Amino acid sequence: MMEKFDYAEALKELENIVVKVEDPSTGIDDIDRLIRRSDELVAGCREYLRTAREKLEAL
């Protein structure tokens, strides 16, 4: 079973990623991994918002 997407947690994780990417001590390999993770989170947020909008429009 797929885990329910937590929008608030995704936003927190994205904020943490920004801090890490902006930190000069973060290595390029870590930045690459963080950027890939941020892409996943942004896609999840977009899908969550699209679904929420569709539910609201259906009311």
# chains A, B, ... in the order shown; residues from 1 in each chain; ligands from 1

call {"tool": "residues_around", "arguments": {"residues": "Leu41 in chain A", "least_positions_apart": "6", "cutoff": "12 Å", "atoms": "only C-alpha atoms", "output": "PyMOL selection string"}}
result
chain A and resi 5-15+17+34-35+47-48

call {"tool": "residues_around", "arguments": {"residues": "Asp32 in chain A", "least_positions_apart": "5", "cutoff": "12 Å", "atoms": "only C-alpha atoms", "output": "list in words"}}
result
Ile17, Lys20, Val21, Thr26, Gly27, Arg37, Ser38 and Asp39 of chain A

call {"tool": "write_last_selection", "arguments": {"atoms": "all heavy atoms", "output": "compact mmCIF listing (two decimals), in the first residue's frame"}}
result
# COMPACT_ATOMS: atom_id res chain seq x y z
N ILE A 17 16.28 21.16 2.43
CA ILE A 17 17.12 20.97 1.25
C ILE A 17 17.72 22.29 0.81
O ILE A 17 18.92 22.36 0.48
CB ILE A 17 16.32 20.30 0.11
CG1 ILE A 17 16.08 18.83 0.45
CG2 ILE A 17 17.04 20.45 -1.23
CD1 ILE A 17 15.14 18.11 -0.49
N LYS A 20 20.62 23.16 3.01
CA LYS A 20 21.79 22.32 2.74
C LYS A 20 22.47 22.69 1.43
O LYS A 20 23.69 22.73 1.34
CB LYS A 20 21.38 20.85 2.73
CG LYS A 20 21.02 20.32 4.09
CD LYS A 20 20.52 18.89 4.01
CE LYS A 20 20.06 18.40 5.37
NZ LYS A 20 19.47 17.07 5.30
N VAL A 21 21.67 22.96 0.39
CA VAL A 21 22.24 23.30 -0.92
C VAL A 21 22.98 24.64 -0.84
O VAL A 21 24.02 24.81 -1.48
CB VAL A 21 21.14 23.33 -2.00
CG1 VAL A 21 21.63 23.95 -3.29
CG2 VAL A 21 20.63 21.90 -2.27
N THR A 26 28.47 21.76 1.69
CA THR A 26 27.78 20.63 1.08
C THR A 26 28.49 20.26 -0.22
O THR A 26 28.70 21.11 -1.08
CB THR A 26 26.30 20.98 0.80
OG1 THR A 26 25.68 21.35 2.03
CG2 THR A 26 25.57 19.79 0.21
N GLY A 27 28.84 18.99 -0.35
CA GLY A 27 29.56 18.52 -1.53
C GLY A 27 28.67 18.42 -2.75
O GLY A 27 27.44 18.32 -2.65
N ARG A 37 16.02 14.71 -5.02
CA ARG A 37 14.97 14.54 -4.01
C ARG A 37 13.98 15.70 -4.07
O ARG A 37 12.77 15.50 -3.95
CB ARG A 37 15.59 14.43 -2.61
CG ARG A 37 14.58 14.31 -1.50
CD ARG A 37 13.72 13.08 -1.61
NE ARG A 37 12.78 13.02 -0.49
CZ ARG A 37 11.60 12.47 -0.55
NH1 ARG A 37 11.20 11.86 -1.66
NH2 ARG A 37 10.80 12.48 0.49
N SER A 38 14.48 16.91 -4.27
CA SER A 38 13.57 18.06 -4.35
C SER A 38 12.64 17.93 -5.55
O SER A 38 11.47 18.30 -5.47
CB SER A 38 14.35 19.38 -4.38
OG SER A 38 15.03 19.54 -5.60
N ASP A 39 13.14 17.39 -6.66
CA ASP A 39 12.28 17.16 -7.83
C ASP A 39 11.14 16.21 -7.48
O ASP A 39 9.99 16.44 -7.87
CB ASP A 39 13.09 16.58 -8.99
CG ASP A 39 14.00 17.60 -9.66
OD1 ASP A 39 13.80 18.82 -9.46
OD2 ASP A 39 14.92 17.16 -10.38

call {"tool": "select_by_dssp", "arguments": {"residues": "chain A", "states": "alpha helix (DSSP H)", "output": "PyMOL selection string"}}
result
chain A and resi 7-22+28-58

call {"tool": "write_last_selection", "arguments": {"atoms": "C-alpha atoms", "output": "CSV table (one decimal), in the first residue's frame"}}
result
chain,number,residue,atom,x,y,z
A,7,TYR,CA,2.2,18.0,2.0
A,8,ALA,CA,3.4,19.8,5.2
A,9,GLU,CA,6.3,17.4,5.7
A,10,ALA,CA,7.3,17.7,2.0
A,11,LEU,CA,7.5,21.5,2.4
A,12,LYS,CA,9.6,21.1,5.6
A,13,GLU,CA,11.9,18.8,3.7
A,14,LEU,CA,12.2,21.2,0.8
A,15,GLU,CA,13.1,24.0,3.2
A,16,ASN,CA,15.8,21.8,4.7
A,17,ILE,CA,17.1,21.0,1.3
A,18,VAL,CA,17.4,24.7,0.4
A,19,VAL,CA,19.5,25.2,3.6
A,20,LYS,CA,21.8,22.3,2.7
A,21,VAL,CA,22.2,23.3,-0.9
A,22,GLU,CA,23.1,26.9,0.1
A,28,ILE,CA,28.5,18.4,-5.2
A,29,ASP,CA,27.5,14.8,-4.9
A,30,ASP,CA,25.2,15.6,-2.0
A,31,ILE,CA,23.8,18.6,-3.9
A,32,ASP,CA,23.0,16.3,-6.8
A,33,ARG,CA,21.2,13.9,-4.5
A,34,LEU,CA,19.3,16.8,-2.8
A,35,ILE,CA,18.2,18.3,-6.1
A,36,ARG,CA,16.9,14.9,-7.3
A,37,ARG,CA,15.0,14.5,-4.0
A,38,SER,CA,13.6,18.1,-4.3
A,39,ASP,CA,12.3,17.2,-7.8
A,40,GLU,CA,10.4,14.2,-6.3
A,41,LEU,CA,9.0,16.4,-3.5
A,42,VAL,CA,7.9,19.1,-5.9
A,43,ALA,CA,6.2,16.6,-8.1
A,44,GLY,CA,4.4,15.2,-5.1
A,45,CYS,CA,3.3,18.7,-4.0
A,46,ARG,CA,1.9,19.5,-7.5
A,47,GLU,CA,0.0,16.2,-7.6
A,48,TYR,CA,-1.4,16.8,-4.1
A,49,LEU,CA,-2.5,20.4,-5.0
A,50,ARG,CA,-4.0,19.2,-8.3
A,51,THR,CA,-6.0,16.6,-6.5
A,52,ALA,CA,-7.2,19.0,-3.8
A,53,ARG,CA,-8.3,21.5,-6.5
A,54,GLU,CA,-10.2,18.8,-8.3
A,55,LYS,CA,-12.0,17.8,-5.1
A,56,LEU,CA,-12.9,21.5,-4.4
A,57,GLU,CA,-14.2,22.0,-7.9
A,58,ALA,CA,-16.4,18.9,-7.5
